[in-house]
Amino acid sequence: MDEKKLLTAKEAANYLRISLFTLRKIEQQGLIVPYRTPGGHRRYSVEMLNEYLENSRIPPA
């Protein structure tokens, strides 16, 4: 997948395998800050989502 491609909220939720509701909660917590289009739509980079996944991993005991 092209790393520079921006995903819609639905695509980002599918990528993370979470619901749109959960994606919104993650944003409200400040863990992901999406880009905004001139029309106000949220866009997410694959790099941003991968970084979130890495940071949210539970370290081994």
# chains A, B, ... in the order shown; residues from 1 in each chain; ligands from 1
$ select_by_dssp --residues "chain A" --states "strand (DSSP E or B)" --output "list in words"
Leu6, Leu7, Tyr35, Arg36, Arg42, Arg43, Tyr44 and Ser45 of chain A
$ write_last_selection --atoms "C-alpha atoms" --output "PDB file, in the first residue's frame"
ATOM      1  CA  LEU A   6      -4.716   9.191   2.913  1.00  0.00           C
ATOM      2  CA  LEU A   7      -7.549   7.029   4.191  1.00  0.00           C
ATOM      3  CA  TYR A  35      -5.628  15.701   8.680  1.00  0.00           C
ATOM      4  CA  ARG A  36      -8.623  17.828   7.684  1.00  0.00           C
ATOM      5  CA  ARG A  42     -10.919  13.618   8.376  1.00  0.00           C
ATOM      6  CA  ARG A  43      -8.062  11.844   6.591  1.00  0.00           C
ATOM      7  CA  TYR A  44      -5.502   9.443   8.047  1.00  0.00           C
ATOM      8  CA  SER A  45      -2.106   8.356   6.760  1.00  0.00           C
TER       9      SER A  45
END
$ residues_around --residues "range 53-55 of chain A" --least-positions-apart "6" --cutoff "12 Å" --atoms "only C-alpha atoms" --output "list of chain:residue names"
A:Ala12, A:Tyr15, A:Leu16, A:Arg17, A:Ile18, A:Ile26, A:Leu31, A:Ile32, A:Val46, A:Glu47
$ select_by_dssp --residues "chain A" --states "alpha helix (DSSP H)" --output "list in words"
Ala9, Lys10, Glu11, Ala12, Ala13, Asn14, Tyr15, Leu16, Leu20, Phe21, Thr22, Leu23, Arg24, Lys25, Ile26, Glu27, Gln28, Val46, Glu47, Met48, Leu49, Asn50, Glu51, Tyr52, Leu53, Glu54, Asn55 and Ser56 of chain A
$ atom_distance --atom1 "CA of Met48 in chain A" --atom2 "CA of Gln28 in chain A"
15.5 Å
$ atom_distance --atom1 "CA of Ala9 in chain A" --atom2 "CA of Phe21 in chain A"
10.1 Å
